[in-house]
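S.K.: query32.txt (compact mmCIF, C-alpha atoms) pasted underneath:
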# COMPACT_ATOMS: atom_id res chain seq x y z
CA MET A 215 74.44 -48.39 -11.92
CA TRP A 216 72.69 -46.73 -8.99
CA ARG A 217 69.36 -45.17 -9.92
CA ASP A 218 67.08 -43.03 -7.79
CA LYS A 219 63.81 -44.95 -7.32
CA ARG A 220 61.90 -41.63 -7.47
CA ILE A 221 62.84 -41.09 -11.13
CA ALA A 222 60.68 -43.87 -12.60
CA PRO A 223 57.35 -42.59 -11.18
CA ALA A 224 58.23 -39.04 -12.24
CA ARG A 225 58.96 -40.17 -15.79
CA ALA A 226 55.72 -42.16 -15.90
CA ALA A 227 53.74 -39.12 -14.77
CA ALA A 228 55.44 -36.92 -17.38
CA ALA A 229 54.71 -39.46 -20.12
CA LEU A 230 51.05 -39.63 -19.05
CA LEU A 231 50.74 -35.82 -19.13
CA LEU A 232 52.34 -35.66 -22.60
CA ALA A 233 49.93 -38.32 -23.89
CA ILE A 234 46.94 -36.37 -22.53
CA LEU A 235 48.17 -33.16 -24.16
CA LEU A 236 48.68 -34.85 -27.52
CA LEU A 237 45.23 -36.47 -27.41
CA THR A 238 43.56 -33.15 -26.61
CA GLY A 239 45.52 -31.28 -29.28
CA ILE A 240 47.28 -28.99 -26.80
CA SER A 241 50.92 -28.26 -27.58
CA PRO A 242 53.24 -28.69 -24.57
CA ARG A 243 55.07 -25.56 -25.77
CA ALA A 244 51.78 -23.62 -25.85
CA LEU A 245 50.98 -24.83 -22.33
CA ALA A 246 54.31 -23.52 -21.09
CA ALA A 247 54.09 -20.19 -22.92
CA PRO A 248 52.82 -17.20 -20.93
CA PRO A 249 49.46 -15.81 -22.16
CA GLU A 250 51.10 -12.58 -23.36
CA GLU A 251 53.18 -14.61 -25.84
CA LEU A 252 50.11 -16.31 -27.31
CA VAL A 253 48.08 -13.16 -28.00
CA PRO A 254 50.38 -11.65 -30.70
CA ARG A 255 50.35 -14.95 -32.61
CA GLU A 256 46.54 -15.01 -32.60
CA GLU A 257 46.36 -11.37 -33.64
CA GLN A 258 48.83 -12.03 -36.44
CA GLN A 259 46.71 -14.87 -37.79
CA LEU A 260 43.51 -12.82 -37.62
CA ARG A 261 45.21 -9.94 -39.42
CA PHE A 262 46.50 -12.32 -42.09
CA GLU A 263 42.98 -13.70 -42.60
CA ARG A 264 41.54 -10.21 -42.99
CA TRP A 265 44.20 -9.08 -45.48
CA TYR A 266 44.02 -12.32 -47.44
CA GLU A 267 40.25 -12.01 -47.83
CA GLU A 268 40.49 -8.41 -48.98
CA MET A 269 43.19 -9.24 -51.51
CA GLU A 270 41.08 -12.08 -52.89
CA ASP A 271 38.22 -9.58 -53.16
CA LEU A 272 40.50 -7.27 -55.19
CA VAL A 273 41.31 -10.05 -57.64
CA GLU A 274 37.62 -10.92 -57.88
CA LEU A 275 36.79 -7.25 -58.52
CA PHE A 276 38.89 -7.30 -61.69
CA ARG A 277 37.39 -10.62 -62.76
CA ARG A 278 33.99 -8.93 -62.55
CA TRP A 279 35.33 -5.95 -64.49
CA SER A 280 36.55 -8.26 -67.26
CA ALA A 281 33.22 -10.10 -67.23
CA VAL A 282 31.41 -6.78 -67.70
CA ASN A 283 33.49 -6.41 -70.85
CA GLY A 284 32.79 -9.94 -72.09
CA VAL A 285 36.04 -11.61 -70.96
CA TYR A 286 35.57 -14.95 -69.19
CA ASP A 287 39.01 -16.58 -69.25
CA GLY A 288 39.34 -16.86 -65.46
CA LYS A 289 41.49 -13.74 -65.14
CA GLY A 290 40.73 -10.14 -64.34
CA TYR A 291 42.62 -7.46 -66.27
CA VAL A 292 43.67 -4.07 -64.93
CA THR A 293 42.90 -2.30 -68.20
CA THR A 294 40.44 0.32 -69.40
CA ASN A 295 38.38 -2.30 -71.26
CA GLY A 296 38.92 -5.31 -68.98
CA LYS A 297 40.83 -7.15 -71.70
CA PRO A 298 44.44 -8.40 -71.87
CA PHE A 299 47.06 -5.80 -72.78
CA LYS A 300 50.60 -6.96 -73.51
CA LEU A 301 52.48 -3.72 -72.82
CA SER A 302 53.65 -2.20 -69.53
CA VAL A 303 52.86 1.39 -70.53
CA GLY A 304 49.93 2.76 -72.48
CA ASN A 305 46.55 4.42 -72.07
CA GLU A 306 44.97 0.97 -71.84
CA CYS A 307 46.71 0.18 -68.52
CA TYR A 308 46.84 3.63 -66.91
CA ILE A 309 45.16 3.21 -63.52
CA GLY A 310 43.43 6.60 -63.71
CA GLY A 311 41.58 5.54 -66.87
CA VAL A 312 40.95 2.03 -65.55
CA THR A 313 39.36 3.23 -62.30
CA ALA A 314 37.38 5.97 -64.07
CA ASN A 315 35.79 3.36 -66.34
CA MET A 316 35.16 0.96 -63.45
CA LYS A 317 33.47 3.78 -61.54
CA LYS A 318 31.22 4.51 -64.53
CA ALA A 319 30.28 0.83 -64.57
CA GLY A 320 29.30 1.01 -60.90
CA LEU A 321 31.95 -1.43 -59.63
CA ILE A 322 33.75 1.12 -57.44
CA ASP A 323 32.90 4.60 -56.16
CA TYR A 324 36.39 6.16 -56.29
CA THR A 325 39.29 6.64 -58.69
CA VAL A 326 43.06 6.35 -58.25
CA ALA A 327 45.51 8.44 -60.25
CA GLY A 328 49.11 7.76 -61.23
CA GLY A 329 50.86 4.68 -62.52
CA TRP A 330 50.70 2.16 -65.32
CA SER A 331 50.67 -1.62 -65.21
CA CYS A 332 52.05 -3.14 -61.95
CA ASN A 333 52.76 0.36 -60.62
CA GLY A 334 49.18 1.48 -61.16
CA PHE A 335 47.75 -1.72 -59.72
CA ALA A 336 49.93 -1.39 -56.59
CA ARG A 337 48.67 2.18 -56.12
CA PHE A 338 45.09 0.96 -56.48
CA ALA A 339 45.68 -1.93 -54.05
CA LEU A 340 47.22 0.33 -51.41
CA ALA A 341 44.43 2.89 -51.77
CA THR A 342 41.77 0.18 -51.48
CA LEU A 343 43.32 -1.86 -48.68
CA TYR A 344 44.15 1.15 -46.54
CA ASN A 345 41.18 3.27 -47.67
CA ASN A 346 43.66 6.06 -48.38
CA SER A 347 44.85 7.12 -51.83
CA ARG A 348 47.90 9.02 -50.59
CA PHE A 349 50.04 5.99 -49.79
CA TRP A 350 52.98 5.63 -52.14
CA ARG A 351 56.75 5.46 -51.82
CA PRO A 352 57.35 9.00 -50.46
CA GLU A 353 54.76 8.45 -47.71
CA MET A 354 56.04 5.00 -46.70
CA THR A 355 59.08 3.75 -44.79
CA GLU A 356 61.66 2.42 -47.26
CA ASN A 357 63.98 -0.54 -46.65
CA VAL A 358 66.55 -1.50 -49.32
CA TYR A 359 68.57 -4.63 -50.04
CA THR A 360 71.28 -4.45 -52.73
CA MET A 361 72.09 -7.70 -54.50
CA SER A 362 75.69 -8.77 -55.04
CA LEU A 363 77.42 -11.76 -56.61
CA PHE A 364 77.55 -13.26 -53.14
CA SER A 365 73.90 -12.72 -52.20
CA ARG A 366 72.08 -15.85 -51.11
CA VAL A 367 68.38 -16.56 -50.64
CA SER A 368 69.00 -16.72 -46.91
CA ASP A 369 70.38 -13.15 -47.05
CA VAL A 370 67.26 -11.84 -48.77
CA ARG A 371 65.01 -13.72 -46.34
CA ALA A 372 66.99 -12.20 -43.48
CA PHE A 373 66.42 -8.75 -45.03
CA PHE A 374 62.63 -9.20 -45.08
CA ARG A 375 62.67 -10.35 -41.47
CA SER A 376 64.96 -7.60 -40.24
CA ALA A 377 62.81 -5.04 -42.10
CA ASP A 378 59.74 -6.43 -40.31
CA ALA A 379 57.88 -7.36 -43.51
CA ARG A 380 54.17 -7.74 -42.84
CA VAL A 381 51.11 -8.55 -44.90
CA GLY A 382 49.95 -5.41 -46.73
CA ASP A 383 53.45 -4.01 -47.30
CA MET A 384 54.64 -3.12 -50.80
CA VAL A 385 57.64 -4.82 -52.40
CA ALA A 386 59.47 -3.35 -55.40
CA ILE A 387 62.20 -5.21 -57.25
CA LEU A 388 64.52 -3.42 -59.65
CA GLY A 389 66.40 -5.00 -62.51
CA TYR A 390 67.56 -4.16 -66.01
CA THR A 391 66.03 -5.63 -69.18
CA ASP A 392 66.48 -4.83 -72.88
CA PHE A 393 62.83 -4.18 -73.70
CA ASP A 394 63.23 -2.65 -77.16
CA GLY A 395 66.04 -4.91 -78.41
CA ASP A 396 68.51 -2.09 -78.98
CA GLY A 397 71.23 -3.75 -76.92
CA VAL A 398 70.78 -1.34 -74.01
CA LYS A 399 69.24 -2.62 -70.81
CA ASP A 400 66.42 -0.47 -69.46
CA GLU A 401 65.54 0.02 -65.80
CA TYR A 402 62.68 -2.26 -64.82
CA PHE A 403 60.64 -2.05 -61.60
CA HIS A 404 58.01 -4.56 -60.57
CA TYR A 405 55.63 -3.65 -57.72
CA MET A 406 53.86 -6.20 -55.54
CA ILE A 407 51.84 -6.31 -52.32
CA TYR A 408 53.52 -8.59 -49.80
CA ILE A 409 51.47 -11.41 -48.26
CA ARG A 410 53.91 -13.94 -46.83
CA GLU A 411 57.40 -15.34 -47.18
CA THR A 412 57.66 -19.10 -47.80
CA GLY A 413 60.36 -21.61 -48.61
CA GLU A 414 59.49 -21.26 -52.31
CA GLY A 415 59.48 -17.47 -52.49
CA LEU A 416 57.13 -14.60 -51.76
CA LEU A 417 53.36 -14.96 -51.86
CA VAL A 418 52.14 -11.65 -53.32
CA LEU A 419 49.25 -9.75 -54.86
CA ASP A 420 50.24 -7.94 -58.05
CA GLY A 421 49.34 -6.96 -61.59
CA ASN A 422 51.07 -7.76 -64.88
CA PHE A 423 53.49 -10.41 -63.63
CA ASP A 424 52.64 -12.51 -66.69
CA HIS A 425 52.81 -9.45 -69.00
CA ASP A 426 49.07 -9.39 -69.72
CA ASN A 427 48.07 -6.84 -67.04
CA ALA A 428 46.11 -9.41 -65.02
CA ALA A 429 45.66 -9.09 -61.24
CA GLN A 430 46.53 -12.22 -59.28
CA ILE A 431 47.70 -13.75 -56.01
CA HIS A 432 50.66 -16.01 -56.70
CA MET A 433 54.12 -17.13 -55.68
CA VAL A 434 57.20 -15.22 -56.89
CA PRO A 435 60.06 -17.75 -56.76
CA TRP A 436 63.26 -16.84 -54.96
CA GLU A 437 65.14 -17.47 -58.22
CA PHE A 438 63.20 -14.67 -59.90
CA LEU A 439 63.79 -12.34 -56.99
CA MET A 440 67.51 -13.13 -56.95
CA SER A 441 67.78 -12.18 -60.64
CA ARG A 442 67.09 -8.51 -59.79
CA GLU A 443 69.60 -5.93 -58.54
CA TRP A 444 67.65 -4.24 -55.72
CA VAL A 445 64.79 -5.26 -53.45
CA TYR A 446 62.70 -2.57 -51.71
CA LEU A 447 60.19 -3.05 -48.92
CA TYR A 448 57.77 -0.28 -47.98
CA HIS A 449 55.33 -0.02 -45.10
CA VAL A 450 53.01 2.59 -43.72
CA SER A 451 53.16 3.83 -40.14
CA ASP A 452 52.04 1.52 -37.35
CA GLN A 453 49.15 3.89 -36.67
CA ASP A 454 47.88 3.56 -40.25
CA TYR A 455 48.55 -0.16 -40.38
CA TYR A 456 46.73 -1.12 -37.20
CA SER A 457 43.83 1.26 -37.81
CA ILE A 458 42.37 -1.17 -40.34
CA ASP A 459 41.94 -4.05 -37.89
CA LYS A 460 38.44 -5.42 -37.50
CA THR A 461 36.74 -5.31 -34.12
CA GLU A 462 35.97 -8.58 -32.36
CA ASP A 463 32.25 -7.84 -32.64
CA GLU A 464 32.26 -8.06 -36.43
CA PRO A 465 31.18 -11.48 -37.76
CA LYS A 466 33.69 -13.51 -39.74
CA GLU A 467 32.90 -14.14 -43.38
CA PRO A 468 32.87 -17.79 -44.55
CA GLU A 469 36.02 -17.17 -46.64
CA ALA A 470 37.99 -16.58 -43.43
CA ALA A 471 38.13 -20.32 -42.79
CA ALA A 472 39.93 -20.94 -46.08
CA ALA A 473 42.27 -18.05 -45.43
CA ALA A 474 43.03 -19.41 -41.96
CA SER A 475 44.05 -22.78 -43.35
CA ALA A 476 46.23 -21.07 -45.94
CA TRP A 477 47.95 -19.16 -43.15
CA GLN A 478 48.52 -22.26 -41.08
CA PHE A 479 49.95 -24.45 -43.81
CA LEU A 480 52.11 -22.05 -45.79
CA PRO A 481 55.72 -23.14 -45.17
CA LYS A 482 57.94 -20.70 -43.34
What does the file become when written as structure tokens?
M.R.:
Amino acid sequence: MWRDKRIAPARAAAALLLAILLLTGISPRALAAPPEELVPREEQQLRFERWYEEMEDLVELFRRWSAVNGVYDGKGYVTTNGKPFKLSVGNECYIGGVTANMKKAGLIDYTVAGGWSCNGFARFALATLYNNSRFWRPEMTENVYTMSLFSRVSDVRAFFRSADARVGDMVAILGYTDFDGDGVKDEYFHYMIYIRETGEGLLVLDGNFDHDNAAQIHMVPWEFLMSREWVYLYHVSDQDYYSIDKTEDEPKEPEAAAAASAWQFLPK
């Protein structure tokens, strides 16, 4: 077969360039990408790091609140006395009472009204993360996915992507459960703060997922999500969302390194 003698040197040069790039840790794709395509990716990672740190701080805040009340089981409870509470509604888990008591203890300098259990915790998280207590469903953009017998995980993942889910959004899932054992299924909402979508499910910040009113960052499996009837995604305006970004002059906290690795290695 006839072969152009110029091809062999060209291939050798290409192979040498690829070897150099691999040794230096530079991705050939990154080298080819225009600078304007690289900046959003970097900004996205930095924003993830910032949100992740602040959400970890929220969980730690409730651990300190429980410790103030003599609870040292590794969890932090969103309750008026910092102790586990097994119900979804009650004075013990009303966020107005919880934040009022935490303010008296000197842990926070503000209160948040409205909501019990996961609802109350989501209100508190939104108010704290955005530094604005007015954010709730009526003030946020709502996206809805309705489950059917034919819904697949890929469909729900496509919904989150088409709705432009981003860290700091609120997710609500609606299902029906017979709470009081009377044979009638009651409407059941669970509220969560979205962190990231993965192959396993959604990484979220929420309260009361384990029915003890604890705040935690954890994975909600796709199987659990698919067992509900409706999925809602809420986000604030772009102006409100981007107003919380840190300036480049602010020093990074040590925790940012751990958050960065979590961002890099979470499966898509």
S.K.: Using all atoms listed in the file, which residue out of A:Met384, A:Val292, A:Ile458, A:Val398 lies closest to Leu416 of chain A?
M.R.: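 Nearest to Leu416 of chain A: A:Met384.
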S.K.: Is it possible to get the residues within 9 Å of (36.6, 1.5, -65.6) (coordinates as in the file, counting only C-alpha atoms) written as a PyMOL selection string?
M.R.: chain A and resi 279+293-296+309-322
S.K.: Could you give me the centre and size, in Å to one decimal, of an axis-aligned box around all listed atoms of segment 415-421 of chain A with 6 Å added on every side, as JSON?
M.R.:
{"center_x": 54.4, "center_y": -12.2, "center_z": -56.7, "size_x": 22.2, "size_y": 22.5, "size_z": 21.8}
S.K.: Which residues are close to Met440 of chain A, i.e. within 8 Å by all atoms listed in the file, leaving aside same-chain residues fewer than 2 positions away? Reply as a ChimeraX atom specification.
M.R.: /A:361,365-367,436-438,442-443
S.K.: Determine, using only C-alpha atoms, which residues of segment 342-374 of chain A have any atom at most 9 Å from an atom of segment 444-457 of chain A, and tabulate each with its shortest atom pair and distance in Å to one decimal place, rows ordered by chain and then rising number, as a Markdown table.
M.R.:
| residue | atom | partner | partner_atom | distance |
| --- | --- | --- | --- | --- |
| A:Tyr344 | CA | A:Tyr455 | CA | 7.7 |
| A:Phe349 | CA | A:Val450 | CA | 7.6 |
| A:Trp350 | CA | A:Tyr448 | CA | 8.7 |
| A:Arg351 | CA | A:Tyr448 | CA | 7.0 |
| A:Glu353 | CA | A:Val450 | CA | 7.3 |
| A:Met354 | CA | A:Val450 | CA | 4.9 |
| A:Thr355 | CA | A:Tyr448 | CA | 5.3 |
| A:Glu356 | CA | A:Tyr448 | CA | 4.8 |
| A:Asn357 | CA | A:Leu447 | CA | 5.1 |
| A:Val358 | CA | A:Tyr446 | CA | 4.7 |
| A:Tyr359 | CA | A:Val445 | CA | 5.1 |
| A:Thr360 | CA | A:Trp444 | CA | 4.7 |
| A:Met361 | CA | A:Trp444 | CA | 5.8 |
| A:Val370 | CA | A:Val445 | CA | 8.4 |
| A:Phe374 | CA | A:Leu447 | CA | 7.6 |
S.K.: What's the separation between atom CA of Leu260 of chain A and atom CA of Asn346 of chain A, in Å to one decimal place?
M.R.: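 Computed distance, atom CA of Leu260 of chain A to atom CA of Asn346 of chain A, equals 21.7 Å.
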S.K.: Applying 9 Å and only C-alpha atoms, which residues near segment 418-426 of chain A remain after dropping the ones on its own chain fewer than 2 positions away? List them as a PyMOL selection string.
M.R.: chain A and resi 269-270+273+291-292+297-302+331-336+339+385+404-411+416+428-434
S.K.: Between A:Thr342, A:Ser441, A:Asn305, A:Glu274, which one has atoms that come closest to Leu388 of chain A, using all atoms listed in the file?
M.R.: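 Residue with the minimum atom-to-atom distance to Leu388 of chain A: A:Ser441.
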S.K.: In Å, how far is it from atom CA of Ala341 of chain A to atom CA of Val282 of chain A?
M.R.: 22.7 Å
S.K.: Some atoms are missing, so please complete segment 333-348 of chain A with N, CA, C and O atoms and return it as a PDB file, keeping the file's coordinate frame.
M.R.:
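File produced: part.pdb:
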ATOM      1  N   ASN A 333      52.677  -0.847 -61.441  1.00  0.00           N
ATOM      2  CA  ASN A 333      52.760   0.360 -60.620  1.00  0.00           C
ATOM      3  C   ASN A 333      51.360   0.878 -60.313  1.00  0.00           C
ATOM      4  O   ASN A 333      51.004   1.140 -59.159  1.00  0.00           O
ATOM      5  N   GLY A 334      50.544   0.997 -61.343  1.00  0.00           N
ATOM      6  CA  GLY A 334      49.180   1.480 -61.160  1.00  0.00           C
ATOM      7  C   GLY A 334      48.357   0.543 -60.307  1.00  0.00           C
ATOM      8  O   GLY A 334      47.590   0.988 -59.444  1.00  0.00           O
ATOM      9  N   PHE A 335      48.516  -0.768 -60.526  1.00  0.00           N
ATOM     10  CA  PHE A 335      47.750  -1.720 -59.720  1.00  0.00           C
ATOM     11  C   PHE A 335      48.162  -1.646 -58.254  1.00  0.00           C
ATOM     12  O   PHE A 335      47.314  -1.713 -57.357  1.00  0.00           O
ATOM     13  N   ALA A 336      49.468  -1.502 -57.978  1.00  0.00           N
ATOM     14  CA  ALA A 336      49.930  -1.390 -56.590  1.00  0.00           C
ATOM     15  C   ALA A 336      49.338  -0.157 -55.923  1.00  0.00           C
ATOM     16  O   ALA A 336      48.933  -0.195 -54.758  1.00  0.00           O
ATOM     17  N   ARG A 337      49.279   0.959 -56.659  1.00  0.00           N
ATOM     18  CA  ARG A 337      48.670   2.180 -56.120  1.00  0.00           C
ATOM     19  C   ARG A 337      47.193   1.933 -55.790  1.00  0.00           C
ATOM     20  O   ARG A 337      46.688   2.364 -54.752  1.00  0.00           O
ATOM     21  N   PHE A 338      46.507   1.256 -56.707  1.00  0.00           N
ATOM     22  CA  PHE A 338      45.090   0.960 -56.480  1.00  0.00           C
ATOM     23  C   PHE A 338      44.923   0.035 -55.274  1.00  0.00           C
ATOM     24  O   PHE A 338      44.037   0.248 -54.435  1.00  0.00           O
ATOM     25  N   ALA A 339      45.774  -0.990 -55.165  1.00  0.00           N
ATOM     26  CA  ALA A 339      45.680  -1.930 -54.050  1.00  0.00           C
ATOM     27  C   ALA A 339      45.915  -1.236 -52.719  1.00  0.00           C
ATOM     28  O   ALA A 339      45.167  -1.445 -51.749  1.00  0.00           O
ATOM     29  N   LEU A 340      46.935  -0.390 -52.653  1.00  0.00           N
ATOM     30  CA  LEU A 340      47.220   0.330 -51.410  1.00  0.00           C
ATOM     31  C   LEU A 340      46.060   1.249 -51.034  1.00  0.00           C
ATOM     32  O   LEU A 340      45.647   1.315 -49.870  1.00  0.00           O
ATOM     33  N   ALA A 341      45.541   1.965 -52.033  1.00  0.00           N
ATOM     34  CA  ALA A 341      44.430   2.890 -51.770  1.00  0.00           C
ATOM     35  C   ALA A 341      43.201   2.133 -51.269  1.00  0.00           C
ATOM     36  O   ALA A 341      42.487   2.597 -50.374  1.00  0.00           O
ATOM     37  N   THR A 342      42.944   0.964 -51.846  1.00  0.00           N
ATOM     38  CA  THR A 342      41.770   0.180 -51.480  1.00  0.00           C
ATOM     39  C   THR A 342      41.939  -0.504 -50.134  1.00  0.00           C
ATOM     40  O   THR A 342      41.047  -0.473 -49.284  1.00  0.00           O
ATOM     41  N   LEU A 343      43.090  -1.129 -49.918  1.00  0.00           N
ATOM     42  CA  LEU A 343      43.320  -1.860 -48.680  1.00  0.00           C
ATOM     43  C   LEU A 343      43.383  -0.948 -47.466  1.00  0.00           C
ATOM     44  O   LEU A 343      42.890  -1.281 -46.393  1.00  0.00           O
ATOM     45  N   TYR A 344      44.020   0.219 -47.652  1.00  0.00           N
ATOM     46  CA  TYR A 344      44.150   1.150 -46.540  1.00  0.00           C
ATOM     47  C   TYR A 344      43.074   2.237 -46.531  1.00  0.00           C
ATOM     48  O   TYR A 344      43.069   3.097 -45.643  1.00  0.00           O
ATOM     49  N   ASN A 345      42.215   2.236 -47.550  1.00  0.00           N
ATOM     50  CA  ASN A 345      41.180   3.270 -47.670  1.00  0.00           C
ATOM     51  C   ASN A 345      41.798   4.662 -47.660  1.00  0.00           C
ATOM     52  O   ASN A 345      41.291   5.590 -47.030  1.00  0.00           O
ATOM     53  N   ASN A 346      42.938   4.783 -48.360  1.00  0.00           N
ATOM     54  CA  ASN A 346      43.660   6.060 -48.380  1.00  0.00           C
ATOM     55  C   ASN A 346      44.498   6.117 -49.660  1.00  0.00           C
ATOM     56  O   ASN A 346      45.396   5.301 -49.851  1.00  0.00           O
ATOM     57  N   SER A 347      44.182   7.054 -50.529  1.00  0.00           N
ATOM     58  CA  SER A 347      44.850   7.120 -51.830  1.00  0.00           C
ATOM     59  C   SER A 347      46.215   7.790 -51.794  1.00  0.00           C
ATOM     60  O   SER A 347      46.902   7.839 -52.801  1.00  0.00           O
ATOM     61  N   ARG A 348      46.635   8.291 -50.628  1.00  0.00           N
ATOM     62  CA  ARG A 348      47.900   9.020 -50.590  1.00  0.00           C
ATOM     63  C   ARG A 348      49.113   8.106 -50.415  1.00  0.00           C
ATOM     64  O   ARG A 348      50.247   8.550 -50.567  1.00  0.00           O
TER      65      ARG A 348
END
